[in-house]
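Undergrad: This is the structure I have questions about; it appears just below.
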Number of protein chains: 2
Amino acid sequence: MSSERASGAATLEEVAAAAKVSLATASRAINGSARKVNPEYRERVLAAARTLNYSPNLAAQAVAKGGTSTVALVVADISDPYFSSIASGVMRAAEERGLIVTIGSTERRPPRETALVRVLRGQRPRSIILVGSRLAAQESDRELGDELKAFEKAGGRVTMVSQPQLPFRTIDIRNREGAAALAAQLVNHGYRSAAVLTGPADLLTARERATGFADAFAEYGHPIDERWLVPGDFTRDGGFLAAAELRRRGLGEVELIFAVNDVMAVGAMAYLRSTGVRLPEDVAIAGFDDIYSLRDITPALTTVSLPLELIGRKAVELALDDDQDGDSRVPIHGVPVLRESTPLLVHA
Amino acid sequence: MSSERASGAATLEEVAAAAKVSLATASRAINGSARKVNPEYRERVLAAARTLNYSPNLAAQAVAKGGTSTVALVVADISDPYFSSIASGVMRAAEERGLIVTIGSTERRPPRETALVRVLRGQRPRSIILVGSRLAAQESDRELGDELKAFEKAGGRVTMVSQPQLPFRTIDIRNREGAAALAAQLVNHGYRSAAVLTGPADLLTARERATGFADAFAEYGHPIDERWLVPGDFTRDGGFLAAAELRRRGLGEVELIFAVNDVMAVGAMAYLRSTGVRLPEDVAIAGFDDIYSLRDITPALTTVSLPLELIGRKAVELALDDDQDGDSRVPIHGVPVLRESTPLLVHA
DNA sequence: CTGTTAGCGCCTTCAG
DNA sequence: CTGAAGGCGCTAACAG
C-alpha cells in the first residue's frame, strides 16, 4: 500500500522527505537549538513528524553527539524500601533534568556490582550512581574502583551513596554519628543495658551503626557486653534470626535492643512477639532508617530518620554539577526519633 | 605523554590498532559470534581491550545493528512496595537475559505516562512494560494507546500489567475474583457486615477489588450499605483518611473493614488505633496485595496474596517471547490469606 | 579467517 | 536560514 516499511520506526530522513526539506533542516526543527529555522518549514517538519509518528532515535543521537542524557543507577535490591526510596529521589531529580535513568540491581552480591558497572558503562551515561554500603574488604572494591576510574577517565561521573571509601564524589551518610545520637537519647531515657543486632560483620554501614551505638552507649557509662552483640543478615529475616540467637544467649537483663536497620528491627519484633515477649514492656527496641512504610507498625518504632528521597536527589545533583571536585563529599546526618518502642524507663 | 585522548572512551578502532588487526577482526573478537577468529589475534585484541579499558559503545552498536537490548519499565511510583516488588522481578528476569532496564515513574499522573512512553520510545527498547492500574476514563488512554501502537508498528513490544483494557499483551491481575474469594472466606468466618475503603473511583484496580468484594459479600446474603463504601486515595494516607470518614459515618455495626490494598489497610489501622479502637477485637480488617514488608504488622493482616515478583518476571517473558499474540493475556490469581486481623467471629 | 567498505540515524561544520 | 557532506563507533556484507 504505502511506502512505509513494515517494521522499523520512521527516520528523520523520511520526515524530511515528507516535509520536502533537507535532513539538516528537519534535524534543526525537531531537535536543534532555538528559533533558527523558518517557521513555515518548522511547521511542515513538525506536521510530518506527527503523521509519521516520528520518534528520534536516541542511540543515533548519542553516537552523533558523542554523549547521552542518561544516568545509571545501581542499587543492592530495588525491592528493599531503603533503596526504592532513594531510587525514587534519583528518578525525580533525573526527570526534572530530562534524563533517562537506567537501573541495575546487584542483589547484594558485590561481584555483580562490578559486572553491572561494566555493562552500564557501555551506555555512556552521564553518571553512574552506586547506592549501597561498601564492604570492609578493600579487595572487593579494587576491581570496581578500576572500572569506575576508567569510566571517569572517559568523561563519566561517578557518585556513591555510602562510605567515602573510594575516591569518588560521595553522599556520606553519617551512620556513626546518627547511631551515637540515638544512643545518647536513649540513655537519657533511662536505658542502661542494650543489645545490638549488628548485621553483617563486613558491611560498613552495619558496622558503623553498630559501633557508633555501642561506643556511645559505653561512653555514657554503660558498656555493652560482647555477648549482646549479635550479627546476622541486613534483612527482616536477619533480624528475626538474630533476635532468636539473642534470646538463646539470654536477654534477661537487656532493656533495649538496637537493630542496625528498621527492617531488621521489625524482624526482631516478630520473633520476640512470637515467643511471648511484650513490646515495649519487656524490652524496648530501636532501628535505623525510618522507612516510610514501616511507620505504622506497633509499637511505633524508635529509629534514626534518614531523608532517603533527598539523598537520591542530592546524588544526582552531586553527579551532575560541574563545580564539584571529583571526590567531594556531602554529609547526611540522620536524626533520632523516639517513639513508643522505647518508652521512658524509670528505674525502681 | 601518550596518544590517549584526555576524554572519551577508547574506541574499537584504537583497540584494533593497538592489537594490529583490522577493525572488523577486533569487532569479531570482542562482540562477534563464536570461534571464528584466530586464537592468537583474539588474544591480542582482548589484551589490547583490557589495557585500554575498552567498553563497547552500546549506542553505536544499537545504531549499527538496528536494535538494542534494553527493556523500558514504567511504574506509577517506585517507592511503593507494590511497584518495587514487581520491578524487582522485571529486573531479575531482564538481567538473566542480558537486557538493560530503563525505568520511569509516572508519579501516578496519567499524562506523565504518555510523556514517558514518548521519551522511552526513543531508546528503541525491545519492549516497554507498563505497570499500573488503568483508569476508567477511556479518554486518558487514547493518546497513550496511539503512542504505544506506533511503538509496536516500529517493531517494539508492549506489555501491560493491569487490566486488559488496551489491545496489548497483558498480565491480567484478577482483582475481582481475588476480592470475591476473600469475601467468601470472611463470610465463612462469620462476618456479616462490612465496610469497604474503595480507593479512587476511577482507578480500575481499586474499583474491581471493591465491587468484587461487595458483590460477593452481597451474594452471600450480606449486602453492603452504600454509606459504608468510602473512597479515598490508593495510599497509606488515603486509608487513614477514609477510615476517619468511615468513623464519622458511624461504624458501630461494622464488623469488618476491607481496604482495597494493604497500604490503605495499614493507614486505616493507624487511624482507628489512634482513636482507641481495638484491632481486631472491635473491628476486623483486611487488605489486598500481601506486601512483604507489611507482613509483620500487628495484628497480622488478612489479605489477598499476589505473587508480585513473579508478575514482574512474567511480564518480561510475555514481552519477549515470540510465540505470543500481540494481545495475549496471562491471568494472575490472588489467593486469600486469613490472619489475625480477621479472627473467627462467633455471633452471640 | 581477515580486511575493506558500506551503511545505521543523526548532528554539525561548511559553503551557498 | 538552508542544504550538502563528513563523521560518530560499530556491524555486516563483501571480496580477498
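For the C-alpha cells, the naming scheme is as follows: chains receive sequential letters (A, B, ...) according to their order of presentation, residues are indexed from 1 within each chain, and ligands are indexed from 1 in presentation order.
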Just the residues within 12 Å of stretch 5-16 of chain D, please, counting only C-alpha atoms (C1' of nucleotides), with nothing from its chain fewer than 5 positions along; format it as a VMD selection string.
TA: (chain A and resid 23 to 24 59 to 67 122) or (chain B and resid 8 to 14 23 to 28 30 to 33 55 to 67) or (chain C and resid 1 to 15)
Undergrad: So that I can check the surroundings of A:Thr170, please list as a PyMOL selection string every protein, DNA and RNA residue that reaches within 12 Å of it, counting only C-alpha atoms (C1' of nucleotides) and ignoring chain neighbours fewer than 3 positions away.
TA: chain A and resi 128-134+157-167+173-174+311-312+314-319+324-332
Undergrad: Would you export the selected residues with C-alpha atoms as a CSV table (one decimal), in the first residue's frame, please?
TA:
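Written out: selection.csv:
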```csv
chain,number,residue,atom,x,y,z
A,128,ILE,CA,26.8,6.2,37.3
A,129,ILE,CA,25.3,6.3,40.8
A,130,LEU,CA,26.1,3.5,43.1
A,131,VAL,CA,23.9,3.2,46.2
A,132,GLY,CA,24.8,0.7,48.9
A,133,SER,CA,27.1,0.0,51.6
A,134,ARG,CA,30.7,-0.7,50.9
A,157,ARG,CA,31.0,10.8,36.5
A,158,VAL,CA,30.7,8.5,39.5
A,159,THR,CA,28.7,9.2,42.6
A,160,MET,CA,28.4,6.9,45.5
A,161,VAL,CA,25.9,6.8,48.3
A,162,SER,CA,27.7,5.1,51.1
A,163,GLN,CA,31.1,5.4,52.7
A,164,PRO,CA,33.8,7.7,51.3
A,165,GLN,CA,35.9,4.6,50.8
A,166,LEU,CA,36.6,5.0,47.1
A,167,PRO,CA,37.9,8.2,45.6
A,173,ILE,CA,25.7,9.0,55.4
A,174,ARG,CA,27.0,9.6,58.9
A,311,ILE,CA,19.6,11.6,49.4
A,312,GLY,CA,18.6,10.4,46.0
A,314,LYS,CA,21.4,15.0,46.1
A,315,ALA,CA,23.1,12.1,44.5
A,316,VAL,CA,22.1,13.3,41.1
A,317,GLU,CA,23.0,16.9,41.9
A,318,LEU,CA,26.4,15.8,43.1
A,319,ALA,CA,26.8,13.7,40.0
A,324,GLN,CA,32.4,19.8,42.3
A,325,ASP,CA,35.7,18.1,43.0
A,326,GLY,CA,35.9,14.6,41.7
A,327,ASP,CA,35.9,13.4,45.2
A,328,SER,CA,33.8,15.9,47.1
A,329,ARG,CA,31.7,14.6,50.0
A,330,VAL,CA,28.2,15.6,51.0
A,331,PRO,CA,27.5,14.6,54.6
A,332,ILE,CA,24.0,13.5,55.5
```
Undergrad: Among stretch 163-314 of chain A, which residues carry a DSSP assignment of strand (DSSP E), reported as a tab-separated table (two decimals) with N, CA and C atoms, in the first residue's frame?
TA:
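For reference, out_14.tsv as written:
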```
chain	number	residue	atom	x	y	z
A	169	ARG	N	33.03	11.18	44.14
A	169	ARG	CA	32.03	12.00	44.81
A	169	ARG	C	31.21	11.07	45.67
A	170	THR	N	30.93	11.44	46.88
A	170	THR	CA	30.04	10.57	47.64
A	170	THR	C	29.12	11.27	48.62
A	171	ILE	N	27.90	10.75	48.68
A	171	ILE	CA	26.95	11.18	49.68
A	171	ILE	C	27.30	10.35	50.89
A	172	ASP	N	27.79	11.02	51.88
A	172	ASP	CA	28.34	10.33	53.03
A	172	ASP	C	27.32	10.28	54.17
A	173	ILE	N	26.69	9.15	54.31
A	173	ILE	CA	25.69	9.03	55.36
A	173	ILE	C	26.39	8.76	56.68
A	194	ALA	N	21.96	-2.57	76.85
A	194	ALA	CA	21.44	-2.75	75.50
A	194	ALA	C	22.11	-3.90	74.78
A	195	ALA	N	21.39	-4.41	73.80
A	195	ALA	CA	21.94	-5.44	72.92
A	195	ALA	C	21.89	-4.82	71.53
A	196	VAL	N	22.79	-5.28	70.68
A	196	VAL	CA	22.80	-4.73	69.34
A	196	VAL	C	22.75	-5.86	68.30
A	197	LEU	N	21.79	-5.77	67.41
A	197	LEU	CA	21.75	-6.72	66.30
A	197	LEU	C	22.59	-6.04	65.25
A	198	THR	N	23.82	-6.50	65.10
A	198	THR	CA	24.83	-5.76	64.34
A	198	THR	C	24.82	-5.92	62.84
A	199	GLY	N	24.04	-6.86	62.34
A	199	GLY	CA	24.06	-7.05	60.89
A	199	GLY	C	25.31	-7.79	60.45
A	229	LEU	N	26.18	-8.59	71.36
A	229	LEU	CA	26.35	-8.05	70.00
A	229	LEU	C	26.12	-9.24	69.10
A	230	VAL	N	24.96	-9.30	68.47
A	230	VAL	CA	24.73	-10.46	67.62
A	230	VAL	C	24.54	-10.09	66.16
A	231	PRO	N	25.36	-10.71	65.33
A	231	PRO	CA	25.38	-10.44	63.89
A	231	PRO	C	24.23	-11.14	63.17
A	256	LEU	N	17.04	-2.93	76.21
A	256	LEU	CA	16.86	-2.34	74.90
A	256	LEU	C	17.62	-3.10	73.81
A	257	ILE	N	16.97	-3.24	72.68
A	257	ILE	CA	17.64	-3.87	71.55
A	257	ILE	C	17.74	-2.86	70.42
A	258	PHE	N	18.95	-2.65	69.94
A	258	PHE	CA	19.13	-1.76	68.79
A	258	PHE	C	19.47	-2.60	67.57
A	259	ALA	N	18.60	-2.54	66.59
A	259	ALA	CA	18.86	-3.25	65.34
A	259	ALA	C	19.41	-2.22	64.37
A	284	ALA	N	12.65	-2.86	75.09
A	284	ALA	CA	12.45	-1.78	74.13
A	284	ALA	C	13.25	-2.12	72.87
A	285	ILE	N	12.90	-1.45	71.78
A	285	ILE	CA	13.61	-1.76	70.55
A	285	ILE	C	13.71	-0.52	69.66
A	286	ALA	N	14.82	-0.45	68.93
A	286	ALA	CA	15.02	0.70	68.05
A	286	ALA	C	15.68	0.24	66.77
A	303	THR	N	13.78	5.21	65.92
A	303	THR	CA	14.75	4.98	64.86
A	303	THR	C	15.57	6.23	64.59
A	304	VAL	N	16.48	6.14	63.64
A	304	VAL	CA	17.22	7.32	63.22
A	304	VAL	C	16.69	7.64	61.83
A	305	SER	N	16.11	8.81	61.71
A	305	SER	CA	15.45	9.16	60.46
A	305	SER	C	16.43	9.68	59.41
```
Undergrad: Which of these residues is nearest to B:Ala29, using only C-alpha atoms: B:Arg44, B:Thr51, B:Ala17, B:Ala181?
TA: B:Arg44
Undergrad: What gap, in Å, lies between atom CA of A:Arg108 and atom CA of B:Leu120?
TA: 27.9 Å
Undergrad: Which residues come within 10 Å of A:Pro110, counting only C-alpha atoms (C1' of nucleotides), excluding same-chain residues fewer than 2 positions away, as a list of chain:residue names?
TA: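 The filter keeps A:Ala76, A:Thr106, A:Glu107, A:Arg108, A:Arg112, A:Glu113, A:Thr114, A:Ala115, A:Leu116, A:Arg134, A:Leu135, A:Ser140, A:Asp141, A:Leu144.
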Undergrad: Could you please take those selected residues and save N, CA and C atoms as a PDB file, in the first residue's frame?
TA:
```pdb
ATOM      1  N   ALA A  76      21.416  -2.199  45.565  1.00  0.00           N
ATOM      2  CA  ALA A  76      21.623  -3.569  46.013  1.00  0.00           C
ATOM      3  C   ALA A  76      20.357  -4.399  45.839  1.00  0.00           C
ATOM      4  N   THR A 106      22.242  -5.274  42.179  1.00  0.00           N
ATOM      5  CA  THR A 106      23.333  -6.216  42.423  1.00  0.00           C
ATOM      6  C   THR A 106      22.844  -7.423  43.203  1.00  0.00           C
ATOM      7  N   GLU A 107      21.653  -7.330  43.714  1.00  0.00           N
ATOM      8  CA  GLU A 107      21.100  -8.382  44.561  1.00  0.00           C
ATOM      9  C   GLU A 107      22.045  -8.704  45.694  1.00  0.00           C
ATOM     10  N   ARG A 108      22.661  -7.665  46.177  1.00  0.00           N
ATOM     11  CA  ARG A 108      23.559  -7.755  47.326  1.00  0.00           C
ATOM     12  C   ARG A 108      24.779  -8.632  47.107  1.00  0.00           C
ATOM     13  N   ARG A 112      28.591  -8.819  41.392  1.00  0.00           N
ATOM     14  CA  ARG A 112      27.624  -8.337  40.415  1.00  0.00           C
ATOM     15  C   ARG A 112      27.716  -6.829  40.249  1.00  0.00           C
ATOM     16  N   GLU A 113      28.163  -6.181  41.270  1.00  0.00           N
ATOM     17  CA  GLU A 113      28.279  -4.731  41.215  1.00  0.00           C
ATOM     18  C   GLU A 113      29.262  -4.341  40.117  1.00  0.00           C
ATOM     19  N   THR A 114      30.392  -4.983  40.135  1.00  0.00           N
ATOM     20  CA  THR A 114      31.393  -4.692  39.119  1.00  0.00           C
ATOM     21  C   THR A 114      30.888  -5.070  37.730  1.00  0.00           C
ATOM     22  N   ALA A 115      30.272  -6.231  37.648  1.00  0.00           N
ATOM     23  CA  ALA A 115      29.760  -6.688  36.358  1.00  0.00           C
ATOM     24  C   ALA A 115      28.739  -5.689  35.814  1.00  0.00           C
ATOM     25  N   LEU A 116      27.885  -5.236  36.691  1.00  0.00           N
ATOM     26  CA  LEU A 116      26.865  -4.284  36.280  1.00  0.00           C
ATOM     27  C   LEU A 116      27.480  -2.991  35.770  1.00  0.00           C
ATOM     28  N   ARG A 134      29.483  -0.077  51.281  1.00  0.00           N
ATOM     29  CA  ARG A 134      30.747  -0.690  50.875  1.00  0.00           C
ATOM     30  C   ARG A 134      31.033  -1.824  51.836  1.00  0.00           C
ATOM     31  N   LEU A 135      31.897  -2.712  51.424  1.00  0.00           N
ATOM     32  CA  LEU A 135      32.299  -3.785  52.317  1.00  0.00           C
ATOM     33  C   LEU A 135      33.628  -3.429  52.950  1.00  0.00           C
ATOM     34  N   SER A 140      37.520  -6.396  47.454  1.00  0.00           N
ATOM     35  CA  SER A 140      36.394  -6.496  46.537  1.00  0.00           C
ATOM     36  C   SER A 140      36.154  -5.172  45.808  1.00  0.00           C
ATOM     37  N   ASP A 141      36.658  -4.106  46.401  1.00  0.00           N
ATOM     38  CA  ASP A 141      36.438  -2.799  45.787  1.00  0.00           C
ATOM     39  C   ASP A 141      37.477  -2.485  44.716  1.00  0.00           C
ATOM     40  N   LEU A 144      36.161  -2.956  41.140  1.00  0.00           N
ATOM     41  CA  LEU A 144      35.113  -1.965  40.951  1.00  0.00           C
ATOM     42  C   LEU A 144      35.726  -0.586  40.766  1.00  0.00           C
TER      43      LEU A 144
END
```
Undergrad: Considering only C-alpha atoms (C1' of nucleotides), return as number ranges by chain whatever protein or nucleic-acid residues lie within 6 Å of B:Ala136, sequence-local ones (same chain, fewer than 2 positions apart) excluded.
TA: B: 138, 202, 204
Undergrad: Go ahead and write the residues just picked, C-alpha atoms, as a PDB file, in the first residue's frame.
TA:
```pdb
ATOM      1  CA  GLN B 138     -11.015   5.614  28.366  1.00  0.00           C
ATOM      2  CA  ASP B 202     -11.671   5.998  38.619  1.00  0.00           C
ATOM      3  CA  LEU B 204      -9.871   0.279  37.771  1.00  0.00           C
TER       4      LEU B 204
END
```
Undergrad: Just the number, please: distance in Å from atom CA of A:Arg92 to atom CA of B:Leu320, one decimal.
TA: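 Those two atoms sit 28.3 Å apart.
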Undergrad: For B:Ser193, work out the shell of residues within 12 Å, counting only C-alpha atoms (C1' of nucleotides) and skipping chain neighbours fewer than 4 positions away, then give it as a ChimeraX atom specification.
TA: /B:183,186-187,189,214,217-218,220-226,228-229,251-258,283-285,345
Undergrad: Output the contact residues of chain A with respect to chain B at a cut-off of 8 Å, based on only C-alpha atoms, as an MDAnalysis selection string.
TA: chainID A and resid 6:10 53 55:60 62:63 77:81 84:85 87:88 91:92 100:105 118 120:124 147 150:151 153:155 263 266:267 270 293:294 296:298
Undergrad: Using Å and a single decimal, report how far atom CA of B:Phe234 sits from atom CA of B:Ala184.
TA: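 Answer for the atom CA of B:Ala184 to atom CA of B:Phe234 separation: 23.6 Å.
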Undergrad: Give me the residues near A:Thr211 as a compact mmCIF listing (two decimals) with N, CA, C and O atoms, in the first residue's frame, where near means some atom within 8 Å (using only C-alpha atoms (C1' of nucleotides)) and where sequence neighbours in that chain fewer than 4 positions away do not count.
TA:
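That gives us around-v5.txt:
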```
# COMPACT_ATOMS: atom_id res chain seq x y z
N ARG A 176 27.59 6.54 61.92
CA ARG A 176 28.19 6.51 63.25
C ARG A 176 27.57 7.60 64.14
O ARG A 176 27.09 7.32 65.24
N ARG A 207 28.32 -1.96 60.35
CA ARG A 207 29.38 -1.84 61.33
C ARG A 207 29.41 -0.45 61.96
O ARG A 207 29.53 -0.29 63.18
N ASP A 215 29.69 2.24 71.09
CA ASP A 215 30.71 3.11 71.65
C ASP A 215 30.08 4.23 72.47
O ASP A 215 30.51 4.54 73.58
```
Undergrad: For D:DC1, which of A:Arg248, A:Arg42, A:Arg339, A:Lys20 is the closest residue, counting only C-alpha atoms (C1' of nucleotides)?
TA: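 Residue with the minimum atom-to-atom distance to D:DC1: A:Arg42.
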